[in-house]
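J.: Okay, handing you the structure first.
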Amino acid sequence: MLFTELGLSDAILRAVSDQGYTTPTPIQAQAIPAVLAGGDLLAGAQTGTGKTAGFTLPILHRLSTAIKNPNVHGTPIRTLILTPTRELAAQVEESVRQYGKYLKLTSAVIFGGVGINPQIKLLKHGVDILVATPGRLLDHMQQGTVNLNHVEILVLDEADRMLDMGFIKDIKRVLAALPKKRQNLLFSATFSDEIKTLADGLLNAPAMIEVARRNSTVEIIAQKVHPVDRDKKHPMLTHLIKTHQWSQVLVFTRTKHGANKLVEQLEKDAISAMAIHGNKSQSARTKALAEFKDGNLQVLVATDIAARGIDIDQLPHVVNYDLPNVAEDYVHRIGRTGRAGATGEAVSLVCVDEFSLLKDIEKLIKRELPREIIDGFEPDPHAKAQPIQLRSGGGGGRGQQPRAGGAGKPRSGTPGKPRSGPAPANGNVAVRSSAQHRSGGRGR
């Protein structure tokens, strides 16, 4: 199947072609016709499966071909897309602009961690498509600076992560402010009981799509475990990076403090590194992510939630400096490599404290991960396990709940065979018409 067979307009197909795509991913091949049909949709798809284009393309088609209501003046918000984190919101809005660059539609992204006044000014002018995190959207609703009375399409992207982060009350408040007659699209990596409850109350006779088997890791990712003492993890990581001449490595830590400490240690070893987590300013997170994507930064150290939305073509190496407390997060982490048909490697540095976590992961993925002891870093066979510090939160806004160590229900779901999308937008707001996009205007 080709994109040209899905019923999308020539202007959208031209933009898709500009990105170098001709063949839709499985989620796109199923979701695009379902969204174009106008009904509600419940889709099980993980980051990296191409799901963003799966809903942005048909939404752009529907909005650009629909006859506008003559009784509505100005540019009302016709589509609202809710995402759990700032990075994902920026990435989704960038995708909207990439694929809508030949259309006379405008879009904007709003999230917390940045000033609200530029966003208020932007919303006064009106946009067709608004991408937002729940917390900042509620801020605007409370101040009366956003009008949701004309929303025709609602998208809840990564709904499972939004529930994990404690956004359910915020989401319900947003839903209460929307017109009752609208199209609802819910995307989730899992179909947990909470997601099913949310879907039952939100969706009307939805089409259902699920791509990629749950809890199955991407086969083209080479996975290995390096047993090591806890105090030798940092020197081992430096050894691996320098010995193998890794040029682009995404490293996961359990806590924000651990991420900051590791960056300091790597910098002393003459390895360029930056961290992204919830305590970092939005400008710092955007800068770090941009430099990493451009290949100017060797190591990006991230906590799980802050890494949500990282979508990079041909990322060769993911390192679990700390194993996650929730086994399903391991699958989400390593799914950030091996994308778009490329090979990838996922390495886990595991100390005695984490043996039980490793067992949980191997039980989940139904395979034993190969162990490889590195010369000079042989672990002490007599070392005793110590309690693991619970993860500090990171990420996308208020209402966040810690999930580590049982403080939240485990998630299931895996990345499918992914494909990366456009880079996140820089800054706190962005709006472009087709003409602005072609001329390179920032539209601020």
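Ordered as shown in the structure tokens, chains take letters A, B, and onward, while each chain numbers its residues from 1 and ligands are numbered from 1 in the order shown.
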Could you please write out, as a VMD selection string, every residue of range 193-324 of chain A that DSSP assigns to helix (DSSP H, G or I)?

T.: chain A and resid 193 to 202 230 to 243 256 to 268 282 to 294

J.: Identify all residues of range 18-57 of chain A in strand (DSSP E or B) (DSSP on the backbone) and supply them as a ChimeraX atom specification.

T.: /A:41-44

J.: So that I have them on file, write out the residues from the current selection with all heavy atoms, as a compact mmCIF listing (two decimals), in the first residue's frame.

T.:
# COMPACT_ATOMS: atom_id res chain seq x y z
N LEU A 41 -12.05 6.57 17.43
CA LEU A 41 -11.00 5.58 17.24
C LEU A 41 -10.30 5.29 18.55
O LEU A 41 -9.94 6.21 19.29
CB LEU A 41 -9.99 6.07 16.21
CG LEU A 41 -8.74 5.21 15.98
CD1 LEU A 41 -9.13 3.87 15.38
CD2 LEU A 41 -7.73 5.93 15.10
N LEU A 42 -10.09 4.02 18.84
CA LEU A 42 -9.26 3.57 19.96
C LEU A 42 -8.09 2.80 19.36
O LEU A 42 -8.30 1.75 18.75
CB LEU A 42 -10.05 2.68 20.91
CG LEU A 42 -9.28 2.04 22.07
CD1 LEU A 42 -8.65 3.11 22.96
CD2 LEU A 42 -10.19 1.13 22.90
N ALA A 43 -6.87 3.33 19.50
CA ALA A 43 -5.72 2.73 18.84
C ALA A 43 -4.63 2.39 19.85
O ALA A 43 -4.26 3.21 20.69
CB ALA A 43 -5.16 3.68 17.79
N GLY A 44 -4.14 1.18 19.78
CA GLY A 44 -3.02 0.74 20.60
C GLY A 44 -1.75 0.86 19.78
O GLY A 44 -1.54 0.09 18.85

J.: So the first atom is CA of Leu364 in chain A and the second is CA of Asp304 in chain A; what is the distance between them in Å, to one decimal place?

T.: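 One can read the CA of Leu364 in chain A to CA of Asp304 in chain A distance as 18.2 Å.
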
J.: Quick one: everything within 9 Å of Arg161 in chain A, counting only C-alpha atoms, minus sequence neighbours fewer than 4 positions away in the same chain. Send it as a ChimeraX atom specification.

T.: /A:83-84,157,165-167,188-189,305,411

J.: For the residues in that selection, give me C-alpha atoms as a compact mmCIF listing (two decimals), in the first residue's frame.

T.:
# COMPACT_ATOMS: atom_id res chain seq x y z
CA THR A 83 -0.12 15.01 25.10
CA PRO A 84 1.52 14.14 28.43
CA ASP A 157 -2.09 10.96 22.59
CA MET A 165 1.23 11.03 35.48
CA GLY A 166 -2.00 11.78 37.35
CA PHE A 167 -3.72 13.85 34.65
CA SER A 188 -2.43 4.40 24.06
CA ALA A 189 0.51 2.03 24.36
CA ILE A 305 9.25 10.70 31.57
CA ARG A 411 2.19 -0.47 32.31

J.: Contacts of Asn260 in chain A at 12 Å or less, counting only C-alpha atoms, minus same-chain residues fewer than 2 places along, as a ChimeraX atom specification?

T.: /A:251-258,262-267,273-280,300-303
